[in-house]
Structures are given as structure tokens and as C-alpha cells.
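J.: Structure in C-alpha cells, see below.
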Amino acid sequence: MSPHGAEVRVAQAGDEKGIIEGINRCRTRPLSLEEWSWSYPPSADGRAIVVAVKNGRVVAHVGGVVSAIQIGGRKVPALAMADEFALAEVGEAAAQRRLLADVVQTWMMEFGGADRKRMIYQLVGAGEDSAPSAFTEGRRIALPPVDVLARKVAVRSPLRRFAFRAEPARDWEPRLDDLWRRIARCYPFAAVRDAESALHRHAGHPGTRRHRFLVFPRFSRHAVAWAVFETNSSRCRWVDLVWDHDEPGALDLLAHLSRRLASQVGAMNERIVLGGDTEARTRLGALGFRPESALEDLSLRVFSLPYGVQPGELESRCYATQTDLDPLRRLG
């Protein structure tokens with residue numbers, strides 16, 4: 001029992017309703033049980049969630065998503081904080097921070113990896129610090145602006161796209177492992193895009209249909225690009241993208257697929273969030289994608305680094321798409 005009269009513990013079955021109610025009080029777009037369950041898939045170690053419970057009600061919460069990060073050619077396990085809240089019932093902002101600090105301490109002890117083999121971080125957006133947060137310590141690393149590009153007028157893709165073919169990707173897609181091994185050099189600091197990460201991030205998304213494609217040279221079985229799209233009546237959104245920078249025709253084909261998907265649902269807008277890939281931004285610009293806005297003042301608040309990883313490595317080019325920014329839950 002904490003000094004605040006709340007029990008701080010790892011989340012248990014039955015806490016879901018209180019967690020979702022608390023999250024929805026702190027965000028503009030409602031979160032459903034189905035989306036929450038998809039965002040926090042159960043694992044052998046359970047969900048990385050800690051709650052504070054008072055009088056049978058969840059009054060504070062920290063939730064993390066397990067992933068893997070590539071830093072300078074090295075793959076390290078990571079835990080990204082996706083949600084945190086302390087309700088006003090706890091008291092004023094100072095009281096909320098104190099309780100949240102207790103929740104974070106327990107969260108770190110349970111899931112943070114005291115052996116320092118895991119990177120613990122939070123992606124912070126502009127204005128995030130206005131809310132009570134327990135992450136007041138740790139190294140804060142500013143990220144370059146992330147561009148939001150949009151295309152409203154179709155532009156014919158170059159003929160070189162015909163040298164490539166696209167295939168729908170499966171929920172479990174081992175060909176992604178081969179692709180990531182060969183193109184990881186293009187992404188010195190990025191979340192790993194392999195079969196396991198794609199399964200957790202994109203399979204079975206509730207409420208939205210995700211179209212996943214692998215792109216191959218026409219006479220090869222080795223993929224050179226992978227992309228994920230979401231469509232509705234208003235737009236076709238690129239959710240994720242990785243590609244071999246030596247194969248620009250693959251990006252041309254993906255832009256062609258984006259236009260076709262948009263046409264199928266009657267959408268007039270195609271949109272991609274892209275950071276840390278100037279070559280993709282330039283080539284998409286030639287295909288009609290224009291800057292719509294920029295997500296500035298993004299930063300990483302790094303709570304723990306694995307042994308052997310230096311903070312300076314995190315200041316190199318950081319790759320980001322919509323799927324990396326989803327934990328902010330403000331950009332959908």
C-alpha cells in the first residue's frame with residue numbers, strides 16, 4: 001500500500017475496464033477494449049502494465065510495449081511507454097506525480113530489466129510535459145522534425161516500376177526477416193522491422209483494414225521493400241515503410257499501389273508520416289507528395305540504456321513512420 005492509500009501492483013485480469021476508462025479520460029479519441037487488447041498483446045511474461053488501485057478502482061497506470069530497436073547495427077530489446085495516467089481523484093497535480101512515480105518505480109522493477117539489457121524509453125510530443133508525468137528524469141534527446149506528406153493529385157509513376165512486382169504479405173511473414181537483414185544498413189537507428197514485429201504491430205488490427213505488401217524485382221524472390229496501408233473513404237494512409245535505397249523503382253511501385261488503393265475506396269488523399277529518410281521524402285516528392293505539416297518538438301525520454309550503448313548513438317538519424325508514432329495516440 002502506497003502512502004496515497006492505493007495498492008500499486010502489476011495489472012491483473014479484470015483491470016482492463018478501469019485502465020481503458022482512465023486512458024479515455026486523458027485522450028481525445030476513445031480507445032476500445034479491442035484496440036487496447038491489440039495494442040498490448042499478452043506474452044509469456046504478461047502485459048508490461050502496472051496500476052494503482054484505490055477503493056477497487058484503477059486511479060493510476062503505466063503501460064509499456066515490448067519491441068526491439070536497432071542502434072548502429074546492434075539489435076537491442078526495448079520497452080516503450082505507451083500510456084500513463086493518474087486521475088484527478090488522487091489530488092492536485094503534485095499528488096498525481098507522486099503516485100505516478102510510485103507506479104513507474106514498480107513498473108521499472110518488474111519490467112525494466114535491472115541487468116540493463118533493455119532500452120527503456122518514451123516518445124514525447126509537443127505539449128506532453130503539460131500532463132503529470134513520472135518521467136522527469138533520464139536523458140531527453142530531441143529528434144529532427146517528422147514530415148507529414150500528402151498527395152491529392154495523381155502523378156504517373158515512372159515506367160521503372162514495371163521492373164518490380166508486389167505480393168500481399170501474410171500475418172506471419174518470414175520473408176521480412178531476410179529483407180530486414182539486407183536493408184537494415186539504411187536505418188541506423190530504428191525500430192526493427194522483422195516478421196515478429198510485423199505480426200504484433202499490423203496483424204488483426206481492430207476496426208481498420210491494413211493492406212500489407214512486399215515488393216520484389218520481377219525475376220527475384222528477394223524482397224526489396226515492404227509497406228503497410230490503411231484505407232477509408234477519406235484517405236489512404238501509409239502506416240509503415242522500409243525499402244532498399246538502391247531500388248527506387250520499388251518505391252515507385254508502392255506509390256502506384258497507394259493511388260490504386262485510394263481509388264478503390266473513393267479517397268482523394270494519400271498521406272505518409274516520414275522522418276529520418278531524406279531520400280524517400282525526395283523521391284515521393286517527385287511523385288506528387290507535398291509537405292502538409294511537420295511534427296516538431298518530438299523527443300525521446302530515455303530512462304535506461306543497455307550496457308555498451310552510448311547516448312550519442314541515439315542522436316544519429318532516427319527513422320519514424322506512423323507505426324512508430326502510434327504510442328503518442330494523438331496522430332491517428
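For the C-alpha cells, the naming scheme is as follows: chains receive sequential letters (A, B, ...) according to their order of presentation, residues are indexed from 1 within each chain, and ligands are indexed from 1 in presentation order.
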If we count only C-alpha atoms, what is near stretch 313-325 of chain A at a cut-off of 6 Å, once residues fewer than 4 positions away on the same chain are taken out, given as a PDB file with N, CA, C and O atoms, in the first residue's frame?

T.:
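In the end it all went to result.pdb:
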```pdb
ATOM      1  N   PHE A 189      19.244   3.919 -36.873  1.00  0.00           N
ATOM      2  CA  PHE A 189      18.555   3.985 -35.585  1.00  0.00           C
ATOM      3  C   PHE A 189      17.058   3.875 -35.866  1.00  0.00           C
ATOM      4  O   PHE A 189      16.428   4.821 -36.334  1.00  0.00           O
ATOM      5  N   ALA A 190      16.508   2.695 -35.607  1.00  0.00           N
ATOM      6  CA  ALA A 190      15.113   2.449 -35.981  1.00  0.00           C
ATOM      7  C   ALA A 190      14.580   1.256 -35.214  1.00  0.00           C
ATOM      8  O   ALA A 190      15.343   0.396 -34.757  1.00  0.00           O
ATOM      9  N   VAL A 239       1.044   3.418 -43.289  1.00  0.00           N
ATOM     10  CA  VAL A 239       1.302   3.173 -41.869  1.00  0.00           C
ATOM     11  C   VAL A 239       2.765   2.850 -41.630  1.00  0.00           C
ATOM     12  O   VAL A 239       3.345   3.250 -40.619  1.00  0.00           O
ATOM     13  N   ASP A 240       3.374   2.136 -42.562  1.00  0.00           N
ATOM     14  CA  ASP A 240       4.782   1.779 -42.387  1.00  0.00           C
ATOM     15  C   ASP A 240       5.431   1.572 -43.739  1.00  0.00           C
ATOM     16  O   ASP A 240       4.756   1.275 -44.742  1.00  0.00           O
ATOM     17  N   VAL A 273       3.488   9.680 -42.936  1.00  0.00           N
ATOM     18  CA  VAL A 273       4.327  10.300 -41.904  1.00  0.00           C
ATOM     19  C   VAL A 273       5.722   9.714 -42.068  1.00  0.00           C
ATOM     20  O   VAL A 273       5.888   8.490 -42.071  1.00  0.00           O
ATOM     21  N   LEU A 274       6.729  10.586 -42.212  1.00  0.00           N
ATOM     22  CA  LEU A 274       8.052  10.096 -42.559  1.00  0.00           C
ATOM     23  C   LEU A 274       9.131  10.965 -41.912  1.00  0.00           C
ATOM     24  O   LEU A 274       9.153  12.184 -42.085  1.00  0.00           O
ATOM     25  N   GLY A 275      10.017  10.341 -41.187  1.00  0.00           N
ATOM     26  CA  GLY A 275      11.141  11.036 -40.583  1.00  0.00           C
ATOM     27  C   GLY A 275      12.405  10.218 -40.716  1.00  0.00           C
ATOM     28  O   GLY A 275      12.381   8.985 -40.620  1.00  0.00           O
ATOM     29  N   GLY A 276      13.526  10.888 -40.962  1.00  0.00           N
ATOM     30  CA  GLY A 276      14.804  10.195 -40.992  1.00  0.00           C
ATOM     31  C   GLY A 276      15.131   9.492 -42.294  1.00  0.00           C
ATOM     32  O   GLY A 276      16.065   8.684 -42.334  1.00  0.00           O
TER      33      GLY A 276
END
```

J.: Mind checking which residues fall within 6 Å of stretch 288-295 of chain A, counting only C-alpha atoms, ignoring those fewer than 3 positions away in the same chain, and posting them as a PyMOL selection string?

T.: chain A and resi 145-151+155+284-285

J.: Of the candidates A:Ser304, A:Gln310, A:Asn269, A:Asn55, which shows the shortest atom-to-atom distance to A:Ala80, using only C-alpha atoms?

T.: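 Closest candidate: A:Ser304.
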
J.: I'd like the contact shell of A:Ile23 - 12 Å cut-off, only C-alpha atoms, skipping same-chain residues fewer than 2 positions apart - returned as a short mmCIF file (atom, residue, chain, number, x, y, z; two decimals) with all heavy atoms, in the first residue's frame.

T.:
```cif
data_model
loop_
_atom_site.label_atom_id
_atom_site.label_comp_id
_atom_site.auth_asym_id
_atom_site.auth_seq_id
_atom_site.Cartn_x
_atom_site.Cartn_y
_atom_site.Cartn_z
N GLU A 16 -8.90 -4.37 -16.95
CA GLU A 16 -8.98 -3.74 -18.26
C GLU A 16 -9.98 -2.58 -18.30
O GLU A 16 -9.69 -1.51 -18.85
CB GLU A 16 -9.37 -4.78 -19.32
CG GLU A 16 -8.35 -5.87 -19.54
CD GLU A 16 -8.54 -7.06 -18.60
OE1 GLU A 16 -9.34 -6.90 -17.63
OE2 GLU A 16 -7.93 -8.11 -18.81
N LYS A 17 -11.15 -2.78 -17.73
CA LYS A 17 -12.18 -1.75 -17.79
C LYS A 17 -11.71 -0.45 -17.14
O LYS A 17 -11.85 0.64 -17.70
CB LYS A 17 -13.46 -2.24 -17.12
CG LYS A 17 -14.59 -1.22 -17.16
CD LYS A 17 -15.85 -1.76 -16.49
CE LYS A 17 -16.97 -0.71 -16.51
NZ LYS A 17 -18.20 -1.22 -15.83
N GLY A 18 -11.11 -0.55 -15.95
CA GLY A 18 -10.63 0.64 -15.26
C GLY A 18 -9.49 1.31 -16.00
O GLY A 18 -9.39 2.54 -16.03
N ILE A 19 -8.60 0.50 -16.60
CA ILE A 19 -7.48 1.07 -17.36
C ILE A 19 -8.00 1.86 -18.55
O ILE A 19 -7.59 2.99 -18.81
CB ILE A 19 -6.53 -0.05 -17.81
CG1 ILE A 19 -5.82 -0.66 -16.61
CG2 ILE A 19 -5.51 0.49 -18.83
CD1 ILE A 19 -5.02 -1.90 -16.94
N ILE A 20 -8.93 1.26 -19.30
CA ILE A 20 -9.45 1.92 -20.51
C ILE A 20 -10.23 3.18 -20.14
O ILE A 20 -10.11 4.21 -20.81
CB ILE A 20 -10.32 0.93 -21.30
CG1 ILE A 20 -9.45 -0.21 -21.83
CG2 ILE A 20 -11.02 1.65 -22.46
CD1 ILE A 20 -10.22 -1.36 -22.42
N GLU A 21 -11.00 3.13 -19.06
CA GLU A 21 -11.72 4.32 -18.62
C GLU A 21 -10.74 5.45 -18.29
O GLU A 21 -10.97 6.61 -18.65
CB GLU A 21 -12.59 4.00 -17.40
CG GLU A 21 -13.82 3.16 -17.73
CD GLU A 21 -14.63 2.84 -16.49
OE1 GLU A 21 -14.15 3.14 -15.36
OE2 GLU A 21 -15.73 2.26 -16.63
N ARG A 25 -10.15 9.14 -20.35
CA ARG A 25 -10.33 10.44 -19.71
C ARG A 25 -9.16 11.39 -20.02
O ARG A 25 -9.25 12.59 -19.77
CB ARG A 25 -10.46 10.27 -18.20
CG ARG A 25 -11.79 9.65 -17.79
CD ARG A 25 -11.90 9.46 -16.30
NE ARG A 25 -11.81 10.73 -15.56
CZ ARG A 25 -11.94 10.83 -14.25
NH1 ARG A 25 -12.19 9.74 -13.52
NH2 ARG A 25 -11.84 12.00 -13.65
N CYS A 26 -8.08 10.83 -20.56
CA CYS A 26 -6.88 11.63 -20.80
C CYS A 26 -6.55 11.77 -22.29
O CYS A 26 -5.47 12.24 -22.64
CB CYS A 26 -5.68 11.00 -20.08
SG CYS A 26 -5.92 10.76 -18.31
N ARG A 27 -7.45 11.39 -23.16
CA ARG A 27 -7.18 11.48 -24.59
C ARG A 27 -8.45 11.88 -25.32
O ARG A 27 -9.55 11.82 -24.77
CB ARG A 27 -6.66 10.15 -25.13
CG ARG A 27 -7.59 8.98 -24.88
CD ARG A 27 -7.07 7.70 -25.46
NE ARG A 27 -7.11 7.73 -26.91
CZ ARG A 27 -6.74 6.71 -27.67
NH1 ARG A 27 -6.27 5.62 -27.13
NH2 ARG A 27 -6.81 6.79 -28.97
N THR A 28 -8.29 12.32 -26.56
CA THR A 28 -9.42 12.83 -27.32
C THR A 28 -10.15 11.74 -28.10
O THR A 28 -11.37 11.82 -28.25
CB THR A 28 -8.95 13.91 -28.30
OG1 THR A 28 -7.93 13.37 -29.15
CG2 THR A 28 -8.38 15.11 -27.54
N ARG A 29 -9.42 10.74 -28.59
CA ARG A 29 -10.07 9.67 -29.37
C ARG A 29 -10.29 8.47 -28.47
O ARG A 29 -9.34 7.96 -27.89
CB ARG A 29 -9.20 9.29 -30.57
CG ARG A 29 -9.84 8.26 -31.48
CD ARG A 29 -9.01 8.04 -32.73
NE ARG A 29 -7.73 7.45 -32.44
CZ ARG A 29 -7.53 6.13 -32.31
NH1 ARG A 29 -8.54 5.29 -32.41
NH2 ARG A 29 -6.32 5.67 -32.07
N PRO A 30 -11.54 8.00 -28.34
CA PRO A 30 -11.81 6.88 -27.44
C PRO A 30 -11.04 5.62 -27.83
O PRO A 30 -10.81 5.34 -29.02
CB PRO A 30 -13.32 6.66 -27.59
CG PRO A 30 -13.85 7.95 -28.12
CD PRO A 30 -12.77 8.52 -28.97
N LEU A 31 -10.64 4.89 -26.83
CA LEU A 31 -9.93 3.62 -27.02
C LEU A 31 -10.88 2.49 -26.62
O LEU A 31 -11.42 2.49 -25.51
CB LEU A 31 -8.67 3.59 -26.15
CG LEU A 31 -7.81 2.33 -26.20
CD1 LEU A 31 -7.08 2.26 -27.54
CD2 LEU A 31 -6.80 2.31 -25.06
N SER A 32 -11.07 1.55 -27.53
CA SER A 32 -11.97 0.42 -27.25
C SER A 32 -11.19 -0.72 -26.59
O SER A 32 -9.96 -0.76 -26.62
CB SER A 32 -12.60 -0.08 -28.55
OG SER A 32 -11.61 -0.66 -29.39
N LEU A 33 -11.94 -1.65 -26.01
CA LEU A 33 -11.31 -2.83 -25.42
C LEU A 33 -10.55 -3.63 -26.46
O LEU A 33 -9.44 -4.11 -26.21
CB LEU A 33 -12.37 -3.71 -24.76
CG LEU A 33 -11.90 -5.06 -24.21
CD1 LEU A 33 -10.84 -4.86 -23.12
CD2 LEU A 33 -13.07 -5.87 -23.67
N TRP A 36 -7.31 -1.76 -27.28
CA TRP A 36 -6.38 -1.89 -26.16
C TRP A 36 -5.75 -3.28 -26.14
O TRP A 36 -4.53 -3.42 -25.95
CB TRP A 36 -7.11 -1.61 -24.84
CG TRP A 36 -6.23 -1.73 -23.64
CD1 TRP A 36 -5.42 -0.78 -23.10
CD2 TRP A 36 -6.06 -2.90 -22.82
NE1 TRP A 36 -4.75 -1.28 -22.00
CE2 TRP A 36 -5.13 -2.58 -21.81
CE3 TRP A 36 -6.60 -4.19 -22.86
CZ2 TRP A 36 -4.73 -3.50 -20.84
CZ3 TRP A 36 -6.20 -5.11 -21.89
CH2 TRP A 36 -5.28 -4.75 -20.89
N VAL A 51 -0.56 -0.85 -12.30
CA VAL A 51 -1.67 0.03 -11.94
C VAL A 51 -1.61 0.37 -10.45
O VAL A 51 -0.95 -0.32 -9.65
CB VAL A 51 -3.03 -0.62 -12.24
CG1 VAL A 51 -3.20 -0.85 -13.73
CG2 VAL A 51 -3.19 -1.93 -11.47
N VAL A 58 -9.09 1.64 -10.54
CA VAL A 58 -7.78 1.99 -11.08
C VAL A 58 -7.67 3.51 -11.13
O VAL A 58 -8.45 4.18 -11.82
CB VAL A 58 -7.58 1.40 -12.49
CG1 VAL A 58 -6.26 1.88 -13.09
CG2 VAL A 58 -7.62 -0.13 -12.45
N VAL A 59 -6.71 4.06 -10.39
CA VAL A 59 -6.55 5.52 -10.33
C VAL A 59 -5.25 5.99 -10.97
O VAL A 59 -5.05 7.19 -11.16
CB VAL A 59 -6.63 6.03 -8.88
CG1 VAL A 59 -8.03 5.81 -8.32
CG2 VAL A 59 -5.57 5.36 -8.00
N ALA A 60 -4.35 5.07 -11.29
CA ALA A 60 -3.11 5.42 -11.98
C ALA A 60 -2.62 4.20 -12.74
O ALA A 60 -2.94 3.06 -12.39
CB ALA A 60 -2.04 5.92 -11.00
N HIS A 61 -1.79 4.45 -13.76
CA HIS A 61 -1.45 3.36 -14.67
C HIS A 61 -0.24 3.74 -15.50
O HIS A 61 -0.07 4.90 -15.90
CB HIS A 61 -2.66 3.10 -15.58
CG HIS A 61 -2.35 2.44 -16.88
ND1 HIS A 61 -1.96 3.15 -18.01
CD2 HIS A 61 -2.42 1.15 -17.27
CE1 HIS A 61 -1.79 2.30 -19.02
NE2 HIS A 61 -2.05 1.10 -18.59
N VAL A 62 0.63 2.78 -15.76
CA VAL A 62 1.71 2.90 -16.73
C VAL A 62 1.72 1.62 -17.55
O VAL A 62 1.73 0.52 -17.00
CB VAL A 62 3.08 3.13 -16.06
CG1 VAL A 62 4.20 2.97 -17.09
CG2 VAL A 62 3.15 4.51 -15.44
N GLY A 63 1.70 1.77 -18.88
CA GLY A 63 1.73 0.61 -19.76
C GLY A 63 2.86 0.72 -20.76
O GLY A 63 3.11 1.80 -21.32
N ALA A 82 3.76 3.51 -23.52
CA ALA A 82 2.71 3.92 -24.45
C ALA A 82 1.62 4.74 -23.78
O ALA A 82 1.03 5.61 -24.42
CB ALA A 82 2.09 2.69 -25.11
N ASP A 83 1.31 4.47 -22.53
CA ASP A 83 0.23 5.17 -21.83
C ASP A 83 0.62 5.39 -20.38
O ASP A 83 1.24 4.52 -19.75
CB ASP A 83 -1.07 4.36 -21.85
CG ASP A 83 -1.68 4.27 -23.23
OD1 ASP A 83 -2.04 5.32 -23.79
OD2 ASP A 83 -1.80 3.14 -23.76
N GLU A 84 0.21 6.53 -19.84
CA GLU A 84 0.34 6.78 -18.41
C GLU A 84 -0.76 7.73 -17.99
O GLU A 84 -1.16 8.61 -18.75
CB GLU A 84 1.70 7.38 -18.06
CG GLU A 84 1.99 8.72 -18.75
CD GLU A 84 3.23 9.41 -18.20
OE1 GLU A 84 3.51 9.27 -17.00
OE2 GLU A 84 3.91 10.10 -18.99
N PHE A 85 -1.27 7.54 -16.80
CA PHE A 85 -2.23 8.50 -16.27
C PHE A 85 -2.32 8.36 -14.76
O PHE A 85 -2.00 7.31 -14.18
CB PHE A 85 -3.63 8.33 -16.89
CG PHE A 85 -4.35 7.06 -16.49
CD1 PHE A 85 -4.99 6.94 -15.26
CD2 PHE A 85 -4.42 5.99 -17.37
CE1 PHE A 85 -5.66 5.78 -14.90
CE2 PHE A 85 -5.09 4.82 -17.02
CZ PHE A 85 -5.71 4.72 -15.78
N ALA A 86 -2.70 9.44 -14.13
CA ALA A 86 -3.11 9.46 -12.73
C ALA A 86 -4.34 10.35 -12.68
O ALA A 86 -4.31 11.49 -13.16
CB ALA A 86 -2.01 9.99 -11.82
N LEU A 87 -5.44 9.85 -12.15
CA LEU A 87 -6.71 10.56 -12.19
C LEU A 87 -6.76 11.70 -11.18
O LEU A 87 -6.07 11.68 -10.15
CB LEU A 87 -7.86 9.59 -11.94
CG LEU A 87 -7.99 8.45 -12.96
CD1 LEU A 87 -9.20 7.59 -12.63
CD2 LEU A 87 -8.08 8.99 -14.39
N ARG A 329 -0.61 8.30 -29.59
CA ARG A 329 -2.09 8.22 -29.62
C ARG A 329 -2.75 9.56 -29.90
O ARG A 329 -3.88 9.78 -29.49
CB ARG A 329 -2.61 7.63 -28.31
CG ARG A 329 -2.08 6.25 -28.01
CD ARG A 329 -2.86 5.59 -26.90
NE ARG A 329 -2.27 4.33 -26.52
CZ ARG A 329 -2.40 3.18 -27.16
NH1 ARG A 329 -3.08 3.15 -28.26
NH2 ARG A 329 -1.83 2.08 -26.72
#
```

J.: With distances taken over only C-alpha atoms, which of A:Ala142, A:Leu179, A:His200, A:Arg161 is nearest to A:Ala68?

T.: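 The shortest atom-to-atom distance to A:Ala68 comes from A:His200.
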
J.: Considering only C-alpha atoms, return as JSON, numbers by chain whatever protein or nucleic-acid residues lie within 9 Å of stretch 204-214 of chain A, sequence-local ones (same chain, fewer than 4 positions apart) excluded.

T.: {"A": [34, 35, 38, 39, 165, 166, 167, 168, 169, 170, 171, 175, 176, 199, 200, 223, 224, 225, 226, 227, 228, 229, 230, 231, 232, 239, 254, 261]}

J.: Do a neighbour search on stretch 181-185 of chain A at 8 Å with only C-alpha atoms, toss out local chain neighbours closer than 2 positions, and write the hits as JSON, numbers by chain.

T.: {"A": [73, 177, 178, 179, 187, 188, 224, 243, 244]}

J.: Identify which of the residues A:Arg218, A:Ser157, A:Gln105, A:Lys152 lies closest to A:Gly266, counting only C-alpha atoms when measuring atom-to-atom distances.

T.: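 Looking at the shortest contact to A:Gly266, the residue is A:Lys152.
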
J.: From the DSSP assignment of the backbone, select every residue of stretch 38-271 of chain A that is helix (DSSP H, G or I), and format the answer as a PyMOL selection string.

T.: chain A and resi 38-39+88-90+93-111+128-130+159-163+175-186+195-202+248-264

J.: Tell me which of A:Ala163, A:Leu251, A:Ala286, A:Val265 sits closest to A:Pro217, counting only C-alpha atoms.

T.: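 For A:Pro217, the nearest of the candidates is A:Ala163.
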
J.: Calculated over only C-alpha atoms, which of the candidates A:Ala48, A:Gly112, A:Gln96, A:Asp102 has the smallest distance to A:Leu305?

T.: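 Using only C-alpha atoms, A:Leu305 sits closest to A:Gly112.
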
J.: Which residue gives the smallest distance to A:Val242 among A:Arg193, A:Arg47, A:Arg139, A:Lys54, with only C-alpha atoms counted?

T.: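 Distance minimum relative to A:Val242 lands on A:Arg193.
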